[in-house]
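Trainee: To be precise about what I am sending: the file is called structure_2.txt and holds compact mmCIF, C-alpha atoms and all ligand atoms.
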```
# COMPACT_ATOMS: atom_id res chain seq x y z
CA LYS A 1 23.50 39.14 12.61
CA GLU A 2 20.62 37.64 14.47
CA ASP A 3 18.68 37.36 11.22
CA GLN A 4 21.62 35.68 9.64
CA ALA A 5 21.87 33.17 12.45
CA ARG A 6 18.17 32.45 12.20
CA ASP A 7 18.41 31.93 8.46
CA LYS A 8 21.28 29.54 8.88
CA ASP A 9 19.34 27.70 11.54
CA LYS A 10 16.37 27.44 9.19
CA ALA A 11 18.57 26.16 6.40
CA ASP A 12 20.09 23.53 8.66
CA ARG A 13 16.69 22.38 9.73
CA ALA A 14 15.52 22.21 6.13
CA THR A 15 18.52 20.05 5.30
CA SER A 16 17.88 17.69 8.13
CA GLU A 17 14.20 17.39 7.17
CA GLN A 18 15.06 16.80 3.56
CA VAL A 19 14.07 13.20 2.98
CA LEU A 20 15.74 12.62 -0.35
CA ASP A 21 19.28 12.98 0.87
CA GLN A 22 22.22 11.62 -1.04
CA ARG A 23 21.94 8.10 0.36
CA THR A 24 18.24 7.87 -0.33
CA ARG A 25 18.68 9.08 -3.89
CA MET A 26 21.33 6.42 -4.42
CA ILE A 27 19.01 3.71 -3.17
CA LEU A 28 16.18 4.91 -5.41
CA LEU A 29 18.50 5.06 -8.43
CA GLN A 30 19.69 1.55 -7.75
CA MET A 31 16.10 0.36 -7.57
CA ILE A 32 15.34 2.06 -10.87
CA ASN A 33 18.38 0.43 -12.45
CA ARG A 34 17.19 -2.95 -11.25
CA GLY A 35 13.70 -2.41 -12.60
CA VAL A 36 11.93 -2.38 -9.24
CA MET A 37 10.43 0.84 -10.54
CA SER A 38 10.86 3.16 -13.48
CA GLU A 39 9.57 6.51 -12.34
CA ILE A 40 8.98 8.06 -8.96
CA HIS A 41 6.14 10.53 -8.73
CA GLY A 42 5.04 13.07 -6.16
CA ALA A 43 4.47 12.42 -2.49
CA ILE A 44 1.18 10.72 -1.60
CA SER A 45 1.81 11.57 2.01
CA THR A 46 4.39 13.47 3.98
CA GLY A 47 4.41 12.39 7.58
CA LYS A 48 6.50 12.94 10.66
CA GLU A 49 8.33 9.66 10.31
CA ALA A 50 8.10 8.82 6.64
CA ASN A 51 7.06 10.07 3.24
CA VAL A 52 5.14 7.88 0.84
CA TYR A 53 5.61 8.37 -2.90
CA GLY A 54 3.80 7.00 -5.88
CA ALA A 55 5.92 5.15 -8.43
CA VAL A 56 5.47 3.27 -11.66
CA ALA A 57 7.20 0.11 -12.83
CA TYR A 58 7.18 -1.59 -16.21
CA PRO A 59 7.72 -5.24 -15.30
CA ASP A 60 8.27 -6.27 -18.91
CA LEU A 61 8.62 -4.33 -22.12
CA ASN A 62 5.15 -5.11 -23.45
CA GLY A 63 3.37 -5.13 -20.12
CA ALA A 64 1.21 -2.38 -18.73
CA ALA A 65 2.56 0.00 -16.13
CA VAL A 66 2.24 -1.19 -12.53
CA GLN A 67 1.76 1.29 -9.72
CA ARG A 68 3.93 1.07 -6.66
CA ALA A 69 4.15 2.90 -3.36
CA VAL A 70 7.54 3.80 -1.92
CA LYS A 71 7.78 4.54 1.78
CA VAL A 72 10.91 6.46 2.68
CA TYR A 73 11.61 6.63 6.40
CA LYS A 74 13.17 9.84 7.58
CA THR A 75 16.61 9.25 8.96
CA ALA A 76 17.09 12.62 10.63
CA ILE A 77 14.46 12.51 13.30
CA LEU A 78 14.27 12.10 17.00
CA ILE A 79 10.75 10.79 17.08
CA PHE A 80 11.98 7.23 16.70
CA LYS A 81 13.39 7.35 20.19
CA ASP A 82 9.87 7.13 21.50
CA ARG A 83 9.26 4.11 19.35
CA GLU A 84 11.94 2.14 21.06
CA ARG A 85 9.39 0.71 23.45
CA TYR A 86 7.88 -1.24 20.59
CA ILE A 87 11.17 -2.86 19.67
CA THR A 88 12.49 -3.52 23.18
CA GLY A 89 11.21 -6.90 24.21
CA GLU A 90 10.80 -8.16 20.68
CA HIS A 91 12.96 -11.20 20.26
CA ARG A 92 13.13 -10.69 16.51
CA PHE A 93 15.03 -7.46 17.05
CA LYS A 94 17.01 -8.17 20.14
CA ALA A 95 20.39 -7.54 18.58
CA GLY A 96 19.45 -4.38 16.76
CA ALA A 97 17.87 -1.87 19.09
CA GLU A 98 20.87 0.21 19.86
CA LYS A 99 20.32 3.58 21.40
CA GLY A 100 21.48 6.76 19.77
CA ASN A 101 21.95 5.47 16.27
CA ASN A 102 19.15 6.98 14.28
CA ARG A 103 20.07 5.56 10.93
CA LYS A 104 20.18 2.09 12.39
CA MET A 105 16.89 2.58 14.19
CA VAL A 106 15.18 3.81 11.06
CA LYS A 107 16.50 0.88 9.07
CA LEU A 108 15.10 -1.35 11.77
CA TRP A 109 11.69 0.25 11.45
CA ALA A 110 11.61 -0.21 7.71
CA GLU A 111 12.67 -3.82 8.19
CA LYS A 112 10.00 -4.35 10.79
CA GLU A 113 7.31 -2.91 8.53
CA PHE A 114 8.50 -5.09 5.64
CA ARG A 115 8.42 -8.30 7.67
CA ASN A 116 5.10 -7.49 9.27
CA LEU A 117 3.54 -6.69 5.88
CA ARG A 118 4.84 -9.98 4.55
CA ARG A 119 3.28 -11.86 7.40
CA ILE A 120 -0.04 -10.04 7.18
CA HIS A 121 -0.20 -10.32 3.41
CA GLY A 122 0.76 -13.97 3.65
CA ALA A 123 -2.19 -14.58 5.97
CA GLY A 124 -4.54 -13.29 3.31
CA ILE A 125 -5.38 -10.05 5.10
CA ALA A 126 -5.85 -7.09 2.75
CA CYS A 127 -2.75 -4.90 2.96
CA PRO A 128 -0.05 -3.70 0.55
CA GLU A 129 2.14 -6.54 -0.69
CA PRO A 130 5.74 -5.80 0.27
CA ILE A 131 8.00 -5.82 -2.77
CA GLN A 132 11.46 -4.65 -1.87
CA LEU A 133 13.42 -3.27 1.03
CA LYS A 134 16.73 -1.48 1.07
CA LEU A 135 17.85 0.24 4.25
CA HIS A 136 15.14 2.80 5.04
CA VAL A 137 13.34 2.56 1.68
CA LEU A 138 10.39 0.18 1.33
CA VAL A 139 8.67 -0.53 -1.98
CA MET A 140 5.20 -2.02 -1.78
CA GLU A 141 2.06 -2.58 -3.77
CA PHE A 142 0.15 0.61 -4.46
CA LEU A 143 -3.36 0.65 -3.05
CA GLY A 144 -5.23 2.91 -5.40
CA ASP A 145 -6.77 3.29 -8.83
CA ARG A 146 -5.10 3.16 -12.23
CA ARG A 147 -4.83 6.91 -12.44
CA GLY A 148 -2.56 6.87 -9.44
CA TYR A 149 -5.03 8.06 -6.81
CA ALA A 150 -4.50 6.25 -3.53
CA TYR A 151 -7.56 4.74 -1.85
CA PRO A 152 -8.89 7.03 0.87
CA ARG A 153 -8.19 6.44 4.52
CA LEU A 154 -11.24 5.03 6.30
CA ARG A 155 -11.51 8.41 7.97
CA ASP A 156 -12.04 10.13 4.59
CA ALA A 157 -14.07 7.44 2.85
CA THR A 158 -17.62 8.25 1.73
CA ILE A 159 -19.39 5.30 3.27
CA GLU A 160 -22.72 7.07 3.71
CA ALA A 161 -23.17 7.57 -0.01
CA GLU A 162 -22.34 3.95 -0.69
CA GLY A 163 -24.33 2.01 1.80
CA GLY A 164 -24.83 4.08 4.92
CA GLU A 165 -25.54 2.53 8.27
CA GLU A 166 -25.67 -1.05 7.11
CA LEU A 167 -22.28 -0.80 5.40
CA TRP A 168 -20.69 0.79 8.46
CA LYS A 169 -21.81 -2.17 10.53
CA ARG A 170 -20.40 -4.63 8.02
CA LEU A 171 -17.06 -2.81 7.93
CA TYR A 172 -16.96 -2.88 11.72
CA THR A 173 -17.50 -6.63 11.68
CA GLN A 174 -14.90 -6.98 8.95
CA LEU A 175 -12.35 -5.11 11.05
CA LEU A 176 -12.97 -7.24 14.15
CA GLY A 177 -12.37 -10.30 11.99
CA ILE A 178 -9.14 -8.81 10.67
CA MET A 179 -7.94 -8.05 14.20
CA ARG A 180 -8.61 -11.59 15.33
CA ARG A 181 -6.95 -13.04 12.23
CA MET A 182 -3.96 -10.82 12.72
CA TYR A 183 -3.63 -11.96 16.31
CA GLN A 184 -4.29 -15.67 15.78
CA VAL A 185 -2.72 -16.27 12.37
CA CYS A 186 0.00 -13.60 12.11
CA ARG A 187 0.56 -13.51 15.86
CA LEU A 188 0.72 -9.73 15.69
CA VAL A 189 -0.96 -6.75 17.34
CA HIS A 190 -1.11 -3.70 15.06
CA ALA A 191 -0.46 -1.25 17.91
CA ASP A 192 -1.42 1.88 15.95
CA LEU A 193 -4.75 0.86 14.51
CA SER A 194 -7.20 3.64 13.75
CA GLU A 195 -9.21 5.16 10.90
CA TYR A 196 -5.93 6.78 9.80
CA ASN A 197 -4.12 3.52 9.18
CA ILE A 198 -6.89 1.73 7.34
CA LEU A 199 -7.52 2.39 3.65
CA TYR A 200 -10.90 1.77 2.09
CA ASN A 201 -12.07 0.68 -1.35
CA LYS A 202 -15.18 -1.14 -2.54
CA GLN A 203 -16.34 -2.38 0.86
CA GLN A 204 -12.87 -3.66 1.67
CA LEU A 205 -10.62 -2.44 4.46
CA TYR A 206 -6.84 -2.47 3.94
CA ILE A 207 -4.45 -2.48 6.88
CA ILE A 208 -1.38 -0.23 6.51
CA ASP A 209 1.39 1.30 8.62
CA VAL A 210 2.57 -1.76 10.54
CA SER A 211 6.14 -0.79 11.43
CA GLN A 212 5.23 -0.61 15.12
CA SER A 213 3.19 -3.82 15.18
CA VAL A 214 4.37 -6.25 17.83
CA GLU A 215 4.46 -9.97 18.42
CA HIS A 216 1.53 -11.33 20.42
CA ASP A 217 3.97 -12.26 23.20
CA HIS A 218 5.59 -8.84 23.41
CA PRO A 219 5.42 -7.70 27.05
CA ARG A 220 2.99 -4.92 26.17
CA SER A 221 1.06 -6.47 23.30
CA LEU A 222 -2.21 -6.75 25.19
CA GLU A 223 -1.95 -3.16 26.31
CA PHE A 224 -1.51 -2.13 22.66
CA LEU A 225 -4.37 -4.40 21.64
CA ARG A 226 -6.64 -2.76 24.16
CA MET A 227 -5.66 0.62 22.73
CA ASP A 228 -6.41 -0.56 19.17
CA ILE A 229 -9.81 -1.81 20.31
CA LYS A 230 -10.59 1.50 22.00
CA ASN A 231 -9.50 3.68 19.06
CA THR A 232 -11.35 1.72 16.41
CA GLY A 233 -14.41 1.28 18.64
CA ASP A 234 -14.57 5.02 19.30
CA PHE A 235 -14.42 5.70 15.57
CA PHE A 236 -17.18 3.26 14.60
CA ARG A 237 -19.33 4.46 17.48
CA ARG A 238 -19.02 8.01 16.13
CA GLN A 239 -20.33 6.67 12.82
CA GLY A 240 -23.41 5.39 14.62
CA VAL A 241 -22.44 1.72 14.74
CA ASP A 242 -23.79 -0.27 17.66
CA THR A 243 -20.42 -1.51 18.90
CA LEU A 244 -19.64 -4.39 21.23
CA SER A 245 -17.92 -3.69 24.54
CA ASP A 246 -14.13 -3.48 24.55
CA ARG A 247 -13.94 -6.48 26.84
CA THR A 248 -16.09 -8.61 24.56
CA ILE A 249 -13.90 -7.75 21.56
CA PHE A 250 -10.70 -8.35 23.51
CA ASP A 251 -11.86 -11.82 24.54
CA PHE A 252 -13.02 -12.53 21.00
CA ILE A 253 -9.62 -11.62 19.56
CA ILE A 254 -7.42 -13.52 21.98
CA ALA A 255 -9.53 -16.66 22.47
CA PRO A 256 -7.35 -19.52 21.15
CA GLU A 257 -10.30 -21.63 20.05
CA GLY A 258 -12.75 -20.40 17.44
CA PRO A 259 -12.70 -19.46 13.77
CA THR A 260 -10.02 -17.46 11.96
CA GLU A 261 -11.64 -17.48 8.52
CA GLU A 262 -14.58 -15.70 6.99
CA PRO A 263 -17.49 -16.20 6.96
CA ALA A 264 -17.19 -18.03 10.28
CA LEU A 265 -15.60 -14.94 11.86
CA ALA A 266 -18.56 -12.73 10.99
CA GLU A 267 -20.94 -15.40 12.26
CA ALA A 268 -19.07 -15.58 15.55
CA ILE A 269 -19.44 -11.82 15.91
CA GLU A 270 -23.16 -12.08 15.23
CA ARG A 271 -23.36 -14.59 18.07
CA LEU A 272 -21.65 -12.08 20.36
CA TYR A 273 -24.44 -9.63 19.58
CA ALA A 274 -27.01 -12.32 20.30
CA VAL A 275 -25.44 -13.12 23.66
CA ARG A 276 -25.39 -9.44 24.50
CA SER A 277 -29.04 -8.90 23.71
CA ALA A 278 -29.91 -11.91 25.83
CA ARG A 279 -28.04 -10.25 28.68
CA GLU A 280 -29.77 -6.96 27.97
CA ASP A 281 -33.07 -8.74 28.33
CA GLN A 282 -31.89 -9.53 31.82
CA GLY A 283 -31.51 -5.83 32.47
CA LEU A 284 -27.96 -4.81 31.55
CA THR A 285 -28.17 -1.18 30.50
CA ALA A 286 -26.04 0.78 28.07
CA ALA A 287 -24.66 2.79 30.99
CA GLU A 288 -23.47 -0.40 32.62
CA VAL A 289 -21.73 -1.39 29.40
CA GLU A 290 -19.97 1.99 29.40
CA VAL A 291 -18.85 1.50 33.00
CA ASP A 292 -17.60 -1.95 32.10
CA ASN A 293 -15.63 -0.45 29.20
CA GLU A 294 -14.05 2.01 31.57
CA VAL A 295 -13.17 -0.65 34.14
CA PHE A 296 -11.77 -2.86 31.42
CA ARG A 297 -9.58 -0.12 29.99
CA ASN A 298 -8.03 0.51 33.38
CA GLN A 299 -7.62 -3.11 34.30
CA TYR A 300 -4.30 -4.78 34.74
CA ILE A 301 -3.65 -7.49 32.20
CA PRO A 302 -1.08 -10.10 33.20
CA GLN A 303 1.19 -11.04 30.32
CA THR A 304 3.61 -13.58 31.69
CA LEU A 305 3.47 -16.44 34.12
CA GLU A 306 5.57 -14.48 36.55
CA GLN A 307 2.96 -11.78 36.63
CA VAL A 308 0.18 -14.27 37.15
CA TYR A 309 1.91 -16.36 39.78
CA ASP A 310 3.54 -14.54 42.62
CA ILE A 311 5.26 -17.44 44.34
CA GLU A 312 5.69 -15.85 47.75
CA LYS A 313 2.20 -14.45 47.86
CA ASP A 314 0.74 -17.74 46.72
CA ALA A 315 2.75 -19.72 49.29
CA GLU A 316 1.45 -17.44 51.98
CA GLN A 317 -2.09 -17.96 50.77
CA ILE A 318 -1.63 -21.71 50.91
CA GLY A 319 -0.18 -21.29 54.39
CA LEU A 320 -3.38 -19.56 55.40
CA GLY A 321 -5.36 -22.54 54.18
CA GLU A 322 -6.65 -20.65 51.15
CA GLY A 323 -4.78 -22.64 48.54
CA ASP A 324 -8.03 -23.70 46.93
CA LYS A 325 -8.53 -20.11 45.77
CA LEU A 326 -5.52 -20.25 43.50
CA VAL A 327 -6.21 -20.55 39.80
CA TYR A 328 -3.80 -23.44 39.47
CA ARG A 329 -5.11 -25.25 42.55
CA ASN A 330 -5.73 -28.38 40.47
CA LEU A 331 -2.02 -28.71 39.91
CA LEU A 332 -1.28 -28.77 43.62
CA ALA A 333 -1.01 -32.34 44.90
CA ASP A 334 -3.44 -33.10 47.69
CA GLN A 335 -0.78 -34.55 49.97
CA VAL A 336 1.49 -31.56 49.92
CA VAL A 337 1.14 -29.60 53.10
CA MET A 338 2.66 -26.17 53.04
CA PRO A 339 4.48 -25.15 56.22
CA LYS A 340 2.42 -22.63 58.04
CA GLU A 341 4.25 -19.41 58.74
CA GLY A 342 3.32 -16.36 60.69
CA GLY A 343 2.73 -13.00 59.04
CA GLU A 344 -0.03 -10.55 58.42
CA ASP A 345 -2.73 -11.32 55.95
CA GLN A 346 -2.02 -9.46 52.75
CA SER A 347 -2.91 -12.17 50.31
CA SER A 348 -6.40 -11.04 49.54
CA GLY A 349 -5.97 -12.17 45.97
CA ASP A 350 -6.97 -8.91 44.31
CA GLU A 351 -4.77 -7.09 41.83
CA SER A 352 -4.56 -3.78 43.65
CA ASP A 353 -0.83 -4.00 44.25
CA GLU A 354 0.06 -4.86 40.70
CA GLY A 355 1.97 -2.16 38.92
CA ALA A 356 2.07 -1.79 35.17
CA PRO A 357 4.52 -4.45 34.04
CA LEU A 358 7.91 -3.62 32.63
CA ASP A 359 7.48 0.12 32.68
CA SER A 360 11.22 0.52 32.77
CA ASP A 361 11.21 -0.23 29.06
CA GLU A 362 9.53 3.04 28.40
CA ASP A 363 11.50 6.05 27.32
CA SER A 364 10.36 8.83 29.55
CA SER A 365 11.65 11.64 27.36
P1 LIG A 401 2.87 7.21 8.39
O1 LIG A 401 3.86 6.52 9.25
O2 LIG A 401 3.35 8.49 7.81
O3 LIG A 401 1.52 7.33 9.03
P2 LIG A 401 1.57 5.35 6.55
O4 LIG A 401 2.10 4.01 6.26
O5 LIG A 401 0.36 5.44 7.40
O6 LIG A 401 2.74 6.24 7.11
O7 LIG A 401 1.28 6.05 5.16
C1 LIG A 401 0.89 7.39 5.09
C2 LIG A 401 -0.17 7.56 4.02
O8 LIG A 401 0.34 7.18 2.75
C3 LIG A 401 -1.40 6.70 4.22
O9 LIG A 401 -2.37 7.35 5.01
C4 LIG A 401 -1.91 6.49 2.83
O10 LIG A 401 -2.72 7.58 2.45
C5 LIG A 401 -0.65 6.52 2.00
N1 LIG A 401 -0.17 5.16 1.73
C6 LIG A 401 0.66 4.41 2.49
N2 LIG A 401 0.89 3.22 1.94
C7 LIG A 401 0.20 3.20 0.77
C8 LIG A 401 0.03 2.23 -0.28
N3 LIG A 401 0.62 1.04 -0.25
N4 LIG A 401 -0.76 2.57 -1.33
C9 LIG A 401 -1.36 3.76 -1.37
N5 LIG A 401 -1.25 4.71 -0.42
C10 LIG A 401 -0.48 4.44 0.64
MG MG A 402 -0.07 6.19 9.30
```
Step by step, read the file and then write its structure as structure tokens.
Ligand code: ADP
Ligand code: MG
Mentor:
Amino acid sequence: KEDQARDKDKADRATSEQVLDQRTRMILLQMINRGVMSEIHGAISTGKEANVYGAVAYPDLNGAAVQRAVKVYKTAILIFKDRERYITGEHRFKAGAEKGNNRKMVKLWAEKEFRNLRRIHGAGIACPEPIQLKLHVLVMEFLGDRRGYAYPRLRDATIEAEGGEELWKRLYTQLLGIMRRMYQVCRLVHADLSEYNILYNKQQLYIIDVSQSVEHDHPRSLEFLRMDIKNTGDFFRRQGVDTLSDRTIFDFIIAPEGPTEEPALAEAIERLYAVRSAREDQGLTAAEVEVDNEVFRNQYIPQTLEQVYDIEKDAEQIGLGEGDKLVYRNLLADQVVMPKEGGEDQSSGDESDEGAPLDSDEDSS
């Protein structure tokens, strides 16, 4: 009996993990009927949240076959709950993020990936061109060779054989440029950027897997950006690249002025190295850079005006005659005299009492 129960349990689980359920098959058939693709091949990747399949389309009767990639989001999973934090706070998806409706959530993720790809592709950043979206099924350009082999992930690429150290450095610079472009032109932070979500071919990096990417003004975008910088920096450092500090890269990416096109981007990064070596000549050691990285990673980053300006605290500071320490002191008219009020001095101006912003958005489960 117990065996039987276990077998049934197994079978149920297998059903729920089965990606090509009835609905999905209907969507794929419809796409085939409409000529979006002609054949669907084996899985390129089977992940926790989605499977990616290779497909072939024949755009016109005489034309050559065109490869496609089909990403099918799994509708029967709980993992998406955790992803809610990426959608909450995104004005583009305000109406949609409804708890407890998996199918809706998954559709939302596919939609988000489609729109983000369109934006990134539109900005001229190398990524798969989005082709069609229907519910939780996304058809996009296939990044791979004519035989149907997908380009390797950066993690699996054989860079050493191709160009070694010098090529690694160039790819690092290329990626920093892409991150800045993505932030400044697409107004997006990838939010899951690593050697696993970058494909590589012929000295070119391709950005993939952007369903969780967020608007630059998302309440946690800078936190995600800092994470992207850390993960990619760690990877390139392991490959022996002399990386810039996280803080330097962060400032480079978010600075509103400055280039957003190559080759000016790469030149700007070269200047960052030059500035750093000038500072090193003044005695800044590698250990100090590491400490600075650590401090930076733990630092509080204000995201909204409310977080920057604490009205009551600032009023108190002005009351204490320290109004000239405020960052917006220039906006305060000279004549205005703030009423002096009693109270203990707690307006030291440091950020020690700042909690992480908007943590209530996070799903603790
Ligand atoms: P997941 O959410 O499962 O991580 P990804 O979008 O990262 O999904 O895709 C998983 C894998 O599928 C990638 O690592 C890559 O190998 C392959 N892949 C995804 N998109 C494409 C594409 N457009 N062309 C070729 N391979 C792709
Ligand atoms: Mg991925």
Trainee: So that I can see what lies close to A:Leu176, please list as a count of residues only the residues with an atom at most 10 Å from it, counting only C-alpha atoms and leaving out residues fewer than 5 positions away in the same chain.
Mentor: 14
Trainee: Counting all atoms listed in the file, which residue out of A:Glu316, A:Glu270, A:Glu160, A:Glu129 sits closest to ligand LIG 401 (chain A)?
Mentor: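 Among the listed residues, A:Glu129 lies closest to ligand LIG 401 (chain A).
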Trainee: Counting only C-alpha atoms and all ligand atoms, what are the residues of chain A within 8 Å of ligand MG 402 (chain A), and for each of them which pair of atoms is the nearest and at what distance in Å, to one decimal? Sort the table by chain and rising number, as JSON lines.
Mentor:
```
{"residue": "A:Gly47", "atom": "CA", "partner": "A:MG402", "partner_atom": "MG", "distance": 7.8}
{"residue": "A:Tyr196", "atom": "CA", "partner": "A:MG402", "partner_atom": "MG", "distance": 5.9}
{"residue": "A:Asn197", "atom": "CA", "partner": "A:MG402", "partner_atom": "MG", "distance": 4.9}
{"residue": "A:Ile208", "atom": "CA", "partner": "A:MG402", "partner_atom": "MG", "distance": 7.1}
{"residue": "A:Asp209", "atom": "CA", "partner": "A:MG402", "partner_atom": "MG", "distance": 5.1}
```
Trainee: Give me, as a compact mmCIF listing (two decimals) with C-alpha atoms, in the frame of the given file, the set of residues whose atoms come within 9 Å of any atom of ligand LIG 401 (chain A), counting all atoms listed in the file.
Mentor:
```txt
# COMPACT_ATOMS: atom_id res chain seq x y z
CA ALA A 43 4.47 12.42 -2.49
CA ILE A 44 1.18 10.72 -1.60
CA SER A 45 1.81 11.57 2.01
CA THR A 46 4.39 13.47 3.98
CA GLY A 47 4.41 12.39 7.58
CA LYS A 48 6.50 12.94 10.66
CA GLU A 49 8.33 9.66 10.31
CA ALA A 50 8.10 8.82 6.64
CA ASN A 51 7.06 10.07 3.24
CA VAL A 52 5.14 7.88 0.84
CA TYR A 53 5.61 8.37 -2.90
CA GLY A 54 3.80 7.00 -5.88
CA GLN A 67 1.76 1.29 -9.72
CA ARG A 68 3.93 1.07 -6.66
CA ALA A 69 4.15 2.90 -3.36
CA VAL A 70 7.54 3.80 -1.92
CA LYS A 71 7.78 4.54 1.78
CA TYR A 73 11.61 6.63 6.40
CA GLU A 113 7.31 -2.91 8.53
CA CYS A 127 -2.75 -4.90 2.96
CA PRO A 128 -0.05 -3.70 0.55
CA GLU A 129 2.14 -6.54 -0.69
CA PRO A 130 5.74 -5.80 0.27
CA VAL A 139 8.67 -0.53 -1.98
CA MET A 140 5.20 -2.02 -1.78
CA GLU A 141 2.06 -2.58 -3.77
CA PHE A 142 0.15 0.61 -4.46
CA LEU A 143 -3.36 0.65 -3.05
CA GLY A 144 -5.23 2.91 -5.40
CA GLY A 148 -2.56 6.87 -9.44
CA TYR A 149 -5.03 8.06 -6.81
CA ALA A 150 -4.50 6.25 -3.53
CA TYR A 151 -7.56 4.74 -1.85
CA PRO A 152 -8.89 7.03 0.87
CA ARG A 153 -8.19 6.44 4.52
CA TYR A 196 -5.93 6.78 9.80
CA ASN A 197 -4.12 3.52 9.18
CA ILE A 198 -6.89 1.73 7.34
CA LEU A 199 -7.52 2.39 3.65
CA ILE A 208 -1.38 -0.23 6.51
CA ASP A 209 1.39 1.30 8.62
CA VAL A 210 2.57 -1.76 10.54
CA SER A 211 6.14 -0.79 11.43
```
Trainee: To one decimal place, how far is atom CA of A:Arg25 from atom CA of A:Ala110 in Å?
Mentor: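 Interatomic distance, atom CA of A:Arg25 to atom CA of A:Ala110: 16.5 Å.
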Trainee: What does the distance between atom CA of A:Glu111 and atom CA of A:Met31 come to in Å, to one decimal place?
Mentor: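 If I compute the distance from atom CA of A:Glu111 to atom CA of A:Met31, I get 16.7 Å.
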